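Asker: Please see the structure below; I have some questions.
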2 protein chains.
Amino acid sequence: MSPKIFSPEEKDAREQEMLDCARDIIKADGEVGLTIDKLVKKLPYSKGTVYNHFTSKEDILMALCHRHMTQMAELYVRALSFEGTSREKALAVHVGSLLQAKAHPDDFMMAITVKTAGCHDKASDARMQAHQHIEGKILTPIFNLFRTAYENNELTLPEGMAVEQLAFSSWSIDFGTQILLMGENRGCGLRTQLIVERELVNSINLLHDGMLWKPLAKDYDWKASIQRMKTEVFAKEMAIIKAAGIEMTV
Amino acid sequence: MSPKIFSPEEKDAREQEMLDCARDIIKADGEVGLTIDKLVKKLPYSKGTVYNHFTSKEDILMALCHRHMTQMAELYVRALSFEGTSREKALAVHVGSLLQAKAHPDDFMMAITVKTAGCHDKASDARMQAHQHIEGKILTPIFNLFRTAYENNELTLPEGMAVEQLAFSSWSIDFGTQILLMGENRGCGLRTQLIVERELVNSINLLHDGMLWKPLAKDYDWKASIQRMKTEVFAKEMAIIKAAGIEMTV
DNA sequence: ACCTGAACACCGTTCAAGT
DNA sequence: ACCTGAACACCGTTCAAGT
């Protein structure tokens, strides 16, 4: 028999097929439930073929995270297209970030895993390069928002700080709030009274007030803005959340 | 032979011995390097005896995390004893948090692992209860600081927010900053110009300014305060950091 | 050139056998 | 009553054998 030769398109299609399967397993059995044996059993390929596409299990997780980040980049562009002040656009980014995490909790957990564990070491170099590229794609439009707001005198830059650092502050409080309140915080004592949607918005409002980003939180109806965001730019995410029956308080 | 019976003190001493050993392995080989086989080989006990003290590997990690949290509680009390305004005390808490993480990076990583993975499910119930207890011990004095500052009109509470929520905002940005910038951020593109010490202080200053916590960042010399904290309340941590040759920029 | 799956090394957990 | 370690189940990775 003449050996079959695959085109790059065929290879990529198969890779996507494998990733789809991995995603399904994680959705069903959680991240720890993802096993190469299980993956291969569900796939019309052998272990060797899977390892021909990915250098390790972590490489698979990285590739899945890569997809997730691409989705986030698209979501943030949508958030920034929200009709409103620069501060409202910034708020929209965080509301979008939260809705995405609510709609796809597994993806959010995966983003943490990839940051935490020794995934960086075990993933292929090509995969890591792709990550840097997509991270830039995510951050650049956000940096631009902060820069424009600064140039228009809508926010104040503390001495010694750059706009990138302001944007990073927002990113930190967003990520920190979601990690601390997402997932299994069932009855963890003092945290029961905290609701992720409310705390995230509160924290972002405080932080942006600290930047003197006009209008200050007390000077505009940000609750109304959020409602408008949900229908005007995040209808897709809201539909998924509603369909999944996830509670929402904001 | 008459079977040996151990007193609770002996049992606890042995448990601490096991935890010390686990801590050493993690310090040497990282968190993934911790193996029951390795642990038992280094210990004068068998696998069965280890499993008599801990329900699972995750239970061991939880117990280690428990120790770490106890240390944090003690450190925060020290931070709050810093001579200064309420805002300076709050800043001291975060400076302490950072110095602790710098001095004991493994402990910090472990705190994340425990929050991320399915540790909650596999740890024993007793262990989980102990966690709630120690978490309360950590947070209560911090809540009190915020409450006192509020009662003294040193900070402004946005309408609809409680002091606990303000404290939680600070916790979130602290945790988020450290996760995003600690560990393997080697050359990750846009993050290279970000330094964890600087960003954490900048972010906390912005957030506390948003609370209108007097004195505002621009109205006092917080850099001098930080220097004073290092010598007056965090000498121990600074010594460890210096001894380990870890770079510090603040 | 590419795929296959048996084989390997390793790891967490258990439990029948000991004392 | 408590300890022991062989045995088990499982999992990521490799690679000689195939086509």
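Here, A, B, ... name the chains of the structure tokens in the order displayed, residue numbers run from 1 inside each chain, and ligands are numbered from 1 in the same displayed order.
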Quick one: residues within 12 Å of DA16 of chain C, only C-alpha atoms (C1' of nucleotides) counted, chain neighbours fewer than 5 positions away excluded, as a list in words?
Answerer: DT4, DG5, DA6 and DA7 of chain D
Asker: What lies within 12 Å of Phe168 of chain A using only C-alpha atoms (C1' of nucleotides), ignoring chain neighbours under 3 positions off, as a ChimeraX atom specification?
Answerer: /A:139-140,142-143,146,161-165,171-176,207 /B:173,176-178,180-181,190-191,193-196,198-200,202-203,206
Asker: In Å, rounded to a single decimal, give me how far atom C1' of DG12 of chain C is from atom CA of Met62 of chain B.
Answerer: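 If I compute the distance from atom CA of Met62 of chain B to atom C1' of DG12 of chain C, I get 16.2 Å.
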Asker: I'd like a table as JSON lines: residues in chain C with an atom no more than 9 Å from chain B, each row giving the shortest atom pair and its distance in Å to one decimal, only C-alpha atoms (C1' of nucleotides) counted, sorted by chain and rising residue number.
Answerer:
{"residue": "C:DC11", "atom": "C1'", "partner": "B:Thr35", "partner_atom": "CA", "distance": 7.4}
{"residue": "C:DG12", "atom": "C1'", "partner": "B:Ile36", "partner_atom": "CA", "distance": 7.5}
{"residue": "C:DT13", "atom": "C1'", "partner": "B:Ser56", "partner_atom": "CA", "distance": 8.2}
{"residue": "C:DT14", "atom": "C1'", "partner": "B:Gly48", "partner_atom": "CA", "distance": 8.8}
{"residue": "C:DT19", "atom": "C1'", "partner": "B:Met1", "partner_atom": "CA", "distance": 6.7}
Asker: Would you pick out the contacts of Leu80 of chain A at 10 Å or less, using only C-alpha atoms (C1' of nucleotides), so that residues sharing its chain but fewer than 6 positions from it are not included, and give the list as a ChimeraX atom specification?
Answerer: /A:86,88-93,96,141-142,145,233
Asker: Generate the output file for the selected residues, N, CA, C and O atoms, as a PDB file, in the first residue's frame.
Answerer:
ATOM      1  N   SER A  86     -15.196  56.457  27.959  1.00  0.00           N
ATOM      2  CA  SER A  86     -14.049  55.551  28.034  1.00  0.00           C
ATOM      3  C   SER A  86     -14.140  54.701  29.309  1.00  0.00           C
ATOM      4  O   SER A  86     -13.812  53.522  29.287  1.00  0.00           O
ATOM      5  N   GLU A  88     -16.841  53.720  30.787  1.00  0.00           N
ATOM      6  CA  GLU A  88     -17.856  52.681  30.579  1.00  0.00           C
ATOM      7  C   GLU A  88     -17.295  51.535  29.741  1.00  0.00           C
ATOM      8  O   GLU A  88     -17.590  50.358  29.999  1.00  0.00           O
ATOM      9  N   LYS A  89     -16.486  51.868  28.762  1.00  0.00           N
ATOM     10  CA  LYS A  89     -15.876  50.824  27.939  1.00  0.00           C
ATOM     11  C   LYS A  89     -14.981  49.934  28.800  1.00  0.00           C
ATOM     12  O   LYS A  89     -14.984  48.704  28.673  1.00  0.00           O
ATOM     13  N   ALA A  90     -14.215  50.585  29.686  1.00  0.00           N
ATOM     14  CA  ALA A  90     -13.341  49.805  30.578  1.00  0.00           C
ATOM     15  C   ALA A  90     -14.181  48.881  31.464  1.00  0.00           C
ATOM     16  O   ALA A  90     -13.845  47.707  31.661  1.00  0.00           O
ATOM     17  N   LEU A  91     -15.256  49.419  31.986  1.00  0.00           N
ATOM     18  CA  LEU A  91     -16.146  48.595  32.807  1.00  0.00           C
ATOM     19  C   LEU A  91     -16.704  47.434  31.990  1.00  0.00           C
ATOM     20  O   LEU A  91     -16.802  46.303  32.492  1.00  0.00           O
ATOM     21  N   ALA A  92     -17.030  47.718  30.735  1.00  0.00           N
ATOM     22  CA  ALA A  92     -17.573  46.673  29.860  1.00  0.00           C
ATOM     23  C   ALA A  92     -16.592  45.511  29.710  1.00  0.00           C
ATOM     24  O   ALA A  92     -17.001  44.344  29.650  1.00  0.00           O
ATOM     25  N   VAL A  93     -15.307  45.835  29.654  1.00  0.00           N
ATOM     26  CA  VAL A  93     -14.294  44.780  29.538  1.00  0.00           C
ATOM     27  C   VAL A  93     -14.405  43.816  30.723  1.00  0.00           C
ATOM     28  O   VAL A  93     -14.371  42.592  30.551  1.00  0.00           O
ATOM     29  N   GLY A  96     -17.636  41.822  30.670  1.00  0.00           N
ATOM     30  CA  GLY A  96     -17.463  40.756  29.682  1.00  0.00           C
ATOM     31  C   GLY A  96     -16.619  39.627  30.225  1.00  0.00           C
ATOM     32  O   GLY A  96     -16.941  38.441  30.064  1.00  0.00           O
ATOM     33  N   PRO A 141      -5.528  46.493  22.485  1.00  0.00           N
ATOM     34  CA  PRO A 141      -6.688  47.407  22.442  1.00  0.00           C
ATOM     35  C   PRO A 141      -7.051  47.976  23.812  1.00  0.00           C
ATOM     36  O   PRO A 141      -7.541  49.104  23.897  1.00  0.00           O
ATOM     37  N   ILE A 142      -6.776  47.204  24.866  1.00  0.00           N
ATOM     38  CA  ILE A 142      -7.075  47.711  26.211  1.00  0.00           C
ATOM     39  C   ILE A 142      -6.096  48.811  26.596  1.00  0.00           C
ATOM     40  O   ILE A 142      -6.484  49.856  27.120  1.00  0.00           O
ATOM     41  N   LEU A 145      -7.180  51.929  24.960  1.00  0.00           N
ATOM     42  CA  LEU A 145      -8.292  52.601  25.642  1.00  0.00           C
ATOM     43  C   LEU A 145      -7.765  53.492  26.766  1.00  0.00           C
ATOM     44  O   LEU A 145      -8.142  54.668  26.879  1.00  0.00           O
ATOM     45  N   VAL A 233     -23.957  44.275  23.880  1.00  0.00           N
ATOM     46  CA  VAL A 233     -22.715  43.624  23.420  1.00  0.00           C
ATOM     47  C   VAL A 233     -22.507  42.196  23.945  1.00  0.00           C
ATOM     48  O   VAL A 233     -21.683  41.463  23.413  1.00  0.00           O
TER      49      VAL A 233
END
Asker: From the list B:Lys242, B:Lys223, B:His131, B:Lys214, which residue is nearest chain A when using only C-alpha atoms?
Answerer: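 Of the candidates, the smallest distance to chain A is held by B:His131.
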Asker: One decimal, Å: what's the distance from atom CA of Ile241 of chain A over to atom CA of Ala103 of chain A, could you say?
Answerer: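 Taking atom CA of Ile241 of chain A as the start and atom CA of Ala103 of chain A as the end point, the length is 5.1 Å.
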Asker: Check the smallest atom-to-atom distance from each of A:Asp209, A:Asp29, A:Asp107, A:Glu135 to chain B using only C-alpha atoms, then report the winner.
Answerer: A:Asp209
Asker: Separation of atom CA of Lys236 of chain A and atom CA of Asp221 of chain A, in Å?
Answerer: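 Answer for the atom CA of Lys236 of chain A to atom CA of Asp221 of chain A separation: 23.6 Å.
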Asker: Restricting the calculation to only C-alpha atoms, which member of B:Pro44, B:Pro105, B:Gly245, B:Pro158 is positioned closest to chain A?
Answerer: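 Smallest separation from chain A among the options: B:Pro158.
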Asker: Let me make sure I understand: among A:Asn152, A:Thr85, A:Thr113, A:Gln227, which one has the smallest atom-to-atom distance to chain B if we use only C-alpha atoms?
Answerer: A:Thr113
Asker: From the list B:Met211, B:Ala28, B:Ile134, B:Met238, which residue is nearest chain A when using only C-alpha atoms?
Answerer: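 Of B:Met211, B:Ala28, B:Ile134, B:Met238, the one nearest chain A is B:Met211, counting only C-alpha atoms.
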